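Trainee: Contents are compact mmCIF, C-alpha atoms; file name my_file33.txt:
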# COMPACT_ATOMS: atom_id res chain seq x y z
CA MET N 1 0.00 0.00 0.00
CA THR N 2 1.35 3.44 -0.88
CA ILE N 3 0.76 6.28 1.55
CA LEU N 4 0.78 9.69 -0.10
CA PHE N 5 1.82 12.60 2.11
CA PRO N 6 0.44 15.98 1.03
CA ILE N 7 3.34 18.34 0.24
CA PRO N 8 2.74 21.68 2.02
CA GLN N 9 2.77 24.66 -0.37
CA PRO N 10 5.55 27.10 0.58
CA GLY N 11 4.60 30.63 1.62
CA PHE N 12 5.24 33.82 -0.36
CA TRP N 13 8.71 34.45 1.10
CA ALA N 14 9.85 30.84 0.67
CA ALA N 15 8.70 30.88 -2.99
CA THR N 16 10.45 34.25 -3.52
CA ALA N 17 13.66 32.87 -1.97
CA MET N 18 13.57 29.78 -4.24
CA ILE N 19 13.10 31.86 -7.41
CA ALA N 20 15.74 34.38 -6.22
CA ALA N 21 18.22 31.51 -5.71
CA ILE N 22 17.70 30.37 -9.35
CA VAL N 23 18.01 33.92 -10.71
CA LEU N 24 21.14 34.78 -8.67
CA THR N 25 23.07 31.56 -9.37
CA SER N 26 22.08 31.64 -13.04
CA THR N 27 23.12 35.30 -13.45
CA THR N 28 26.46 34.67 -11.71
CA GLY N 29 27.06 31.67 -13.98
CA GLU N 30 26.19 33.58 -17.16
CA VAL N 31 28.39 36.54 -16.23
CA LEU N 32 31.37 34.36 -15.28
CA THR N 33 31.02 32.34 -18.52
CA ALA N 34 30.79 35.54 -20.58
CA ALA N 35 33.86 36.97 -18.76
CA ALA N 36 35.74 33.72 -19.52
CA MET N 37 34.88 33.87 -23.23
CA GLN N 38 35.82 37.55 -23.41
CA SER N 39 39.20 36.81 -21.79
CA ILE N 40 39.87 34.01 -24.29
CA GLY N 41 38.98 36.05 -27.39
CA ASP N 42 37.29 35.18 -30.69
CA LEU N 43 36.98 31.36 -30.75
CA ASP N 44 36.36 31.35 -34.51
CA GLU N 45 39.67 33.13 -35.01
CA ILE N 46 41.56 30.74 -32.71
CA ARG N 47 40.01 27.74 -34.52
CA ALA N 48 40.87 29.19 -37.94
CA ARG N 49 44.50 29.83 -36.93
CA SER N 50 45.30 26.80 -34.77
CA GLY N 51 42.49 24.28 -35.20
CA LEU N 52 39.53 23.05 -33.17
CA LYS N 53 41.68 21.27 -30.56
CA ARG N 54 43.44 24.53 -29.63
CA ALA N 55 40.08 26.33 -29.37
CA ILE N 56 38.67 23.61 -27.07
CA ARG N 57 41.88 23.66 -25.00
CA ALA N 58 41.61 27.44 -24.61
CA VAL N 59 38.09 27.02 -23.14
CA VAL N 60 38.72 24.02 -20.88
CA THR N 61 41.89 25.50 -19.38
CA CYS N 62 40.16 28.74 -18.34
CA PRO N 63 39.35 28.74 -14.56
CA LEU N 64 36.64 31.41 -15.01
CA PHE N 65 34.80 29.07 -17.40
CA PHE N 66 34.68 26.32 -14.75
CA ALA N 67 33.49 28.80 -12.11
CA GLY N 68 30.71 29.82 -14.53
CA VAL N 69 29.72 26.21 -15.26
CA ALA N 70 29.70 25.44 -11.49
CA PHE N 71 27.22 28.29 -10.90
CA LEU N 72 25.10 27.19 -13.87
CA ALA N 73 25.00 23.69 -12.33
CA LEU N 74 23.93 25.26 -9.00
CA ALA N 75 21.19 27.14 -10.86
CA PHE N 76 19.99 23.84 -12.34
CA PHE N 77 19.79 22.22 -8.88
CA ALA N 78 18.04 25.33 -7.49
CA LEU N 79 15.52 24.94 -10.34
CA LEU N 80 14.96 21.28 -9.47
CA VAL N 81 14.35 22.16 -5.79
CA ALA N 82 11.93 24.93 -6.76
CA LEU N 83 10.06 22.63 -9.17
CA ASN N 84 9.70 20.14 -6.34
CA HIS N 85 7.78 22.70 -4.24
CA LEU N 86 6.23 25.17 -6.70
CA PRO N 87 4.15 24.84 -9.90
CA VAL N 88 6.15 24.88 -13.16
CA SER N 89 3.80 27.59 -14.53
CA LEU N 90 5.23 29.95 -11.89
CA VAL N 91 8.89 28.85 -11.70
CA ALA N 92 9.70 28.63 -15.44
CA PRO N 93 8.40 32.03 -16.63
CA ALA N 94 9.42 33.92 -13.47
CA SER N 95 13.01 32.64 -13.45
CA ALA N 96 13.49 32.87 -17.26
CA SER N 97 12.21 36.43 -17.52
CA LEU N 98 13.81 37.83 -14.34
CA THR N 99 17.20 36.37 -15.36
CA LEU N 100 17.16 38.49 -18.53
CA VAL N 101 16.88 41.71 -16.51
CA THR N 102 19.40 40.72 -13.80
CA ASN N 103 21.84 39.69 -16.55
CA ALA N 104 21.56 43.12 -18.16
CA ILE N 105 22.28 44.79 -14.78
CA ALA N 106 25.19 42.42 -14.02
CA ALA N 107 26.64 42.81 -17.54
CA LYS N 108 26.68 46.60 -17.09
CA LEU N 109 28.18 46.44 -13.57
CA PHE N 110 30.70 43.62 -13.87
CA LEU N 111 31.44 43.15 -17.59
CA LYS N 112 31.29 46.93 -18.25
CA GLU N 113 29.09 46.32 -21.31
CA ASN N 114 27.53 49.35 -22.91
CA VAL N 115 23.90 48.57 -22.04
CA ASP N 116 22.29 51.50 -23.85
CA ARG N 117 18.58 52.38 -24.07
CA ARG N 118 18.16 49.98 -27.01
CA ARG N 119 19.45 47.00 -24.98
CA TRP N 120 17.40 47.91 -21.88
CA THR N 121 14.26 48.14 -24.01
CA SER N 122 15.09 44.82 -25.65
CA ALA N 123 15.75 43.10 -22.28
CA VAL N 124 12.44 44.35 -20.85
CA LEU N 125 10.44 43.43 -24.00
CA VAL N 126 11.94 39.91 -24.18
CA CYS N 127 11.43 39.51 -20.40
CA ILE N 128 7.69 40.33 -20.64
CA GLY N 129 7.42 38.26 -23.84
CA VAL N 130 9.02 35.16 -22.24
CA TYR N 131 6.70 35.53 -19.24
CA LEU N 132 3.60 35.73 -21.44
CA LEU N 133 4.73 32.83 -23.62
CA ALA N 134 5.72 30.48 -20.79
CA HIS N 135 2.89 31.40 -18.40
CA MET X 1 30.58 52.62 -29.74
CA ALA X 2 31.58 51.36 -33.17
CA HIS X 3 29.14 49.18 -35.08
CA HIS X 4 30.43 45.61 -35.11
CA LYS X 5 28.80 44.11 -38.17
CA LEU X 6 28.23 40.41 -37.90
CA LEU X 7 29.26 37.98 -40.63
CA PRO X 8 26.69 35.54 -42.11
CA ARG X 9 28.50 32.72 -40.26
CA GLN X 10 28.02 34.58 -36.96
CA TYR X 11 24.31 35.06 -37.66
CA MET X 12 24.17 31.29 -38.27
CA ILE X 13 25.73 30.65 -34.84
CA LEU X 14 23.15 32.98 -33.21
CA GLY X 15 20.45 31.02 -35.09
CA LEU X 16 21.81 27.78 -33.61
CA VAL X 17 21.77 29.39 -30.12
CA SER X 18 18.08 30.25 -30.65
CA ILE X 19 16.95 26.92 -32.06
CA CYS X 20 19.07 24.21 -30.38
CA ALA X 21 18.03 24.86 -26.74
CA PRO X 22 14.22 24.75 -27.14
CA LEU X 23 14.42 21.84 -29.62
CA GLY X 24 16.74 19.96 -27.23
CA ASP X 25 14.35 20.58 -24.31
CA SER X 26 11.41 19.40 -26.45
CA CYS X 27 13.27 16.19 -27.38
CA LEU X 28 14.10 15.52 -23.70
CA SER X 29 10.50 16.18 -22.73
CA ARG X 30 9.17 13.86 -25.46
CA GLY X 31 11.69 11.13 -24.56
CA MET X 32 11.03 11.32 -20.80
CA SER X 33 7.24 11.34 -21.18
CA LYS X 34 7.40 8.04 -23.11
CA LEU X 35 9.27 6.32 -20.26
CA PRO X 36 7.73 4.85 -17.11
CA ALA X 37 8.06 6.99 -13.96
CA ILE X 38 11.65 7.07 -12.68
CA THR X 39 12.08 6.78 -8.90
CA LEU X 40 15.08 7.06 -6.61
CA ALA X 41 14.51 3.40 -5.72
CA HIS X 42 15.57 2.41 -9.28
CA PRO X 43 18.33 4.86 -10.31
CA ALA X 44 19.51 2.46 -13.05
CA SER X 45 16.38 3.28 -15.07
CA LEU X 46 17.73 6.84 -15.43
CA ILE X 47 20.92 5.47 -17.03
CA THR X 48 18.81 3.42 -19.48
CA ALA X 49 16.82 6.58 -20.30
CA VAL X 50 20.01 8.36 -21.42
CA PHE X 51 20.42 5.86 -24.28
CA THR X 52 16.92 6.19 -25.76
CA PRO X 53 16.86 7.94 -29.20
CA TRP X 54 14.89 11.06 -28.18
CA ILE X 55 17.09 11.65 -25.12
CA VAL X 56 20.28 11.13 -27.19
CA LEU X 57 19.00 13.67 -29.75
CA GLY X 58 18.03 16.09 -26.95
CA ILE X 59 21.47 15.85 -25.31
CA ALA X 60 23.21 16.31 -28.71
CA LEU X 61 21.11 19.44 -29.40
CA LEU X 62 21.87 20.86 -25.92
CA ILE X 63 25.62 20.26 -26.43
CA GLY X 64 25.26 22.05 -29.80
CA PHE X 65 23.50 24.93 -28.00
CA PHE X 66 26.26 25.28 -25.38
CA ALA X 67 29.05 25.18 -27.99
CA SER X 68 27.38 27.82 -30.18
CA TYR X 69 26.49 29.93 -27.09
CA LEU X 70 30.14 29.95 -25.95
CA THR X 71 31.31 30.79 -29.48
CA ALA X 72 28.82 33.69 -29.67
CA LEU X 73 29.97 35.04 -26.28
CA SER X 74 33.57 35.10 -27.55
CA TRP X 75 32.72 37.79 -30.14
CA ALA X 76 29.52 39.42 -28.84
CA ASP X 77 28.25 40.95 -25.58
CA LEU X 78 26.15 38.93 -23.15
CA THR X 79 23.33 41.50 -23.48
CA PHE X 80 23.43 40.98 -27.27
CA VAL X 81 23.39 37.15 -27.18
CA LEU X 82 20.78 36.62 -24.42
CA PRO X 83 17.73 38.00 -26.29
CA ALA X 84 18.54 35.48 -29.06
CA THR X 85 17.92 32.67 -26.55
CA GLY X 86 14.39 34.07 -26.00
CA LEU X 87 13.71 33.85 -29.76
CA GLY X 88 13.83 30.05 -29.48
CA ASN X 89 10.58 30.11 -27.50
CA VAL X 90 8.95 31.86 -30.45
CA VAL X 91 10.24 29.19 -32.87
CA VAL X 92 8.78 26.42 -30.68
CA ALA X 93 5.43 28.24 -30.31
CA LEU X 94 5.18 28.77 -34.09
CA LEU X 95 6.13 25.14 -34.77
CA SER X 96 3.45 23.96 -32.33
CA ARG X 97 0.90 26.20 -34.08
CA PHE X 98 1.64 25.39 -37.72
CA TRP X 99 3.11 21.87 -37.46
CA LEU X 100 1.26 20.33 -34.52
CA HIS X 101 -1.86 22.52 -35.09
CA GLU X 102 -2.07 23.52 -31.43
CA THR X 103 -4.01 26.66 -30.54
CA ILE X 104 -2.08 29.67 -29.28
CA SER X 105 -3.87 32.06 -26.89
CA LEU X 106 -3.93 35.81 -27.43
CA GLU X 107 -1.59 36.18 -24.44
CA ARG X 108 1.01 33.91 -26.10
CA TRP X 109 0.70 35.76 -29.46
CA ALA X 110 1.42 38.98 -27.50
CA GLY X 111 4.51 37.25 -26.02
CA ILE X 112 5.68 36.22 -29.52
CA VAL X 113 5.32 39.78 -30.82
CA LEU X 114 7.16 41.28 -27.81
CA ILE X 115 10.12 38.85 -28.09
CA THR X 116 10.40 39.38 -31.86
CA VAL X 117 10.35 43.18 -31.46
CA GLY X 118 12.86 42.96 -28.56
CA VAL X 119 15.30 40.80 -30.53
CA GLY X 120 14.87 43.04 -33.60
CA PHE X 121 15.70 46.05 -31.40
CA VAL X 122 18.98 44.64 -30.09
CA ALA X 123 19.99 43.15 -33.47
CA GLN X 124 19.94 46.67 -35.01
CA GLY X 125 22.67 47.83 -32.61
CA PRO X 126 26.35 46.95 -32.14
CA SER X 127 27.16 43.40 -31.07
CA LEU X 128 30.23 44.22 -28.99
CA THR X 129 31.17 47.01 -26.58
CA GLU X 130 34.15 48.97 -27.86
CA ARG X 131 37.08 48.52 -25.48
CA PRO X 132 40.62 49.96 -25.45
CA GLU X 133 42.98 47.92 -27.66
CA THR X 134 44.27 45.09 -25.46
CA GLU X 135 45.06 41.80 -27.06
CA GLU X 136 43.38 38.73 -25.56
CA PRO X 137 45.96 36.45 -23.85
CA VAL X 138 44.95 33.32 -25.78
CA LEU X 139 45.05 35.07 -29.16
CA ALA X 140 48.48 36.52 -28.25
CA GLU X 141 49.62 32.99 -27.37
CA VAL X 142 48.36 31.69 -30.73
CA GLU X 143 50.26 34.45 -32.56
CA LEU X 144 53.42 33.59 -30.60
CA GLU X 145 53.04 29.92 -31.57
CA GLU X 146 52.76 30.96 -35.24
CA GLN X 147 55.92 33.07 -34.99
CA VAL X 148 57.86 30.17 -33.43
CA ARG X 149 56.83 27.96 -36.36
Translate the structure of the given file into structure tokens.

Mentor:
Amino acid sequence: MTILFPIPQPGFWAATAMIAAIVLTSTTGEVLTAAAMQSIGDLDEIRARSGLKRAIRAVVTCPLFFAGVAFLALAFFALLVALNHLPVSLVAPASASLTLVTNAIAAKLFLKENVDRRRWTSAVLVCIGVYLLAH
Amino acid sequence: MAHHKLLPRQYMILGLVSICAPLGDSCLSRGMSKLPAITLAHPASLITAVFTPWIVLGIALLIGFFASYLTALSWADLTFVLPATGLGNVVVALLSRFWLHETISLERWAGIVLITVGVGFVAQGPSLTERPETEEPVLAEVELEEQVR
């Protein structure tokens, strides 16, 4: 006989904390990965000059890349935990759309990217669009 | 900020970034839904799942996504590449409408329009932030290797 225990629904703050954990770890991972790729330089150029093996070696020997991948893995586990407690119709659109905006802020602050009005508008439009599409 | 014009090959890589992730997720979803429920009591069933055709295709597409995403980040800004990942959702929604004949609500059509306009907006601008001339260490290393040869 299987006994099913009802899973208690987390409160507002617990749900916010779970989604915030996904957004923060994912943003950190994306920014670290982007910083790694910027430090390596144009991969197409490296591959054209020295071959695919050299291009792959340049990526897999970059510590920043592994830090980025570690945070992206953390984001994946944070997503799994959130999906275990919250409905997918809330977690997927909320985390996907919020990550776009936090990435734009982090890219401006840490990667010193020129996030002009055009890019802000684009980030906000895509963020609302992803929310509407995934909701 | 100078306008960094993208080459056709680079547009192709951005296209792969857009398409591979949602298609890979769809393949994984289709593959996993065809399997019996996987429990922690039988972890070996998860290993078997990895070798089913839909899951293999899904993993291959996600590896393709990550490789093209990393390549794109090596010559374009993060805030330029990220909206392209959102465009994939539009591709999947349109495929589900015209290929699988699913109905799309007004809300989702609004989402499709907003993402398309947003991506169009960012694609009009420069792909890379202009920075003072400093040579990337790996490229410098590659040049040094060429000189030694």

Trainee: Distance limit 8 Å, atoms considered: only C-alpha atoms. Which chain X residues sit that close to chain N? Return them as a PyMOL selection string.

Mentor: chain X and resi 70-71+73-75+77-80+82-83+86+89+107-119+121-122+125+129+136-139+142

Trainee: For the residues selected in the previous step, produce a file with C-alpha atoms as a PDB file, in the coordinates of the input.

Mentor:
ATOM      1  CA  LEU X  70      30.140  29.950 -25.950  1.00  0.00           C
ATOM      2  CA  THR X  71      31.310  30.790 -29.480  1.00  0.00           C
ATOM      3  CA  LEU X  73      29.970  35.040 -26.280  1.00  0.00           C
ATOM      4  CA  SER X  74      33.570  35.100 -27.550  1.00  0.00           C
ATOM      5  CA  TRP X  75      32.720  37.790 -30.140  1.00  0.00           C
ATOM      6  CA  ASP X  77      28.250  40.950 -25.580  1.00  0.00           C
ATOM      7  CA  LEU X  78      26.150  38.930 -23.150  1.00  0.00           C
ATOM      8  CA  THR X  79      23.330  41.500 -23.480  1.00  0.00           C
ATOM      9  CA  PHE X  80      23.430  40.980 -27.270  1.00  0.00           C
ATOM     10  CA  LEU X  82      20.780  36.620 -24.420  1.00  0.00           C
ATOM     11  CA  PRO X  83      17.730  38.000 -26.290  1.00  0.00           C
ATOM     12  CA  GLY X  86      14.390  34.070 -26.000  1.00  0.00           C
ATOM     13  CA  ASN X  89      10.580  30.110 -27.500  1.00  0.00           C
ATOM     14  CA  GLU X 107      -1.590  36.180 -24.440  1.00  0.00           C
ATOM     15  CA  ARG X 108       1.010  33.910 -26.100  1.00  0.00           C
ATOM     16  CA  TRP X 109       0.700  35.760 -29.460  1.00  0.00           C
ATOM     17  CA  ALA X 110       1.420  38.980 -27.500  1.00  0.00           C
ATOM     18  CA  GLY X 111       4.510  37.250 -26.020  1.00  0.00           C
ATOM     19  CA  ILE X 112       5.680  36.220 -29.520  1.00  0.00           C
ATOM     20  CA  VAL X 113       5.320  39.780 -30.820  1.00  0.00           C
ATOM     21  CA  LEU X 114       7.160  41.280 -27.810  1.00  0.00           C
ATOM     22  CA  ILE X 115      10.120  38.850 -28.090  1.00  0.00           C
ATOM     23  CA  THR X 116      10.400  39.380 -31.860  1.00  0.00           C
ATOM     24  CA  VAL X 117      10.350  43.180 -31.460  1.00  0.00           C
ATOM     25  CA  GLY X 118      12.860  42.960 -28.560  1.00  0.00           C
ATOM     26  CA  VAL X 119      15.300  40.800 -30.530  1.00  0.00           C
ATOM     27  CA  PHE X 121      15.700  46.050 -31.400  1.00  0.00           C
ATOM     28  CA  VAL X 122      18.980  44.640 -30.090  1.00  0.00           C
ATOM     29  CA  GLY X 125      22.670  47.830 -32.610  1.00  0.00           C
ATOM     30  CA  THR X 129      31.170  47.010 -26.580  1.00  0.00           C
ATOM     31  CA  GLU X 136      43.380  38.730 -25.560  1.00  0.00           C
ATOM     32  CA  PRO X 137      45.960  36.450 -23.850  1.00  0.00           C
ATOM     33  CA  VAL X 138      44.950  33.320 -25.780  1.00  0.00           C
ATOM     34  CA  LEU X 139      45.050  35.070 -29.160  1.00  0.00           C
ATOM     35  CA  VAL X 142      48.360  31.690 -30.730  1.00  0.00           C
TER      36      VAL X 142
END

Trainee: Counting only C-alpha atoms, figure out which residue out of X:Gly15, X:Pro22, X:Pro126, X:Pro8 gets nearest to X:Leu61.

Mentor: X:Pro22

Trainee: Which residue is closest to X:Ser127? Choose from X:Leu46, X:Ala76, X:Ser105, X:Ser26 and count only C-alpha atoms.

Mentor: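 Among the listed residues, X:Ala76 lies closest to X:Ser127.
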
Trainee: Using Å and a single decimal, report how far atom CA of N:Asn84 sits from atom CA of N:Phe12.

Mentor: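 Separation of atom CA of N:Phe12 and atom CA of N:Asn84: 15.6 Å.
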
Trainee: Separation of atom CA of N:Lys53 and atom CA of N:Phe66, in Å?

Mentor: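 Rounded to one decimal, the two atoms are 18.0 Å apart.
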
Trainee: Can you pull out the residues contacting N:Ile19? Cut-off 8 Å, using only C-alpha atoms, and skip same-chain residues under 4 positions away; I want them as a list in words.

Mentor: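 Close residues of N:Ile19: Ala15, Val23, Leu79, Ala82, Val91, Ala94 and Ser95 of chain N.
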
Trainee: Atom CA of N:Leu98 and atom CA of N:Leu72, how far apart in Å?

Mentor: 15.5 Å

Trainee: Smallest atom-to-atom distance to N:Leu24: which of N:Val81, N:Val88, N:Ala75, N:Leu52, using all atoms listed in the file?

Mentor: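 Answer, going by the shortest atom-to-atom distance: N:Ala75.
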
Trainee: Kindly provide, as JSON, the centre and edge lengths (Å, one decimal) of an axis-aligned box around all atoms of stretch 33-48 of chain N given in the file, with 4 Å on each side.

Mentor:
{"center_x": 36.2, "center_y": 32.6, "center_z": -28.2, "size_x": 18.8, "size_y": 17.8, "size_z": 27.4}

Trainee: Given only C-alpha atoms as the basis, pick out the residue of N:Ala14, N:Ala92, N:Leu32, N:Leu109 nearest to N:Phe76.

Mentor: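 With only C-alpha atoms as the atom set, the closest residue is N:Ala92.
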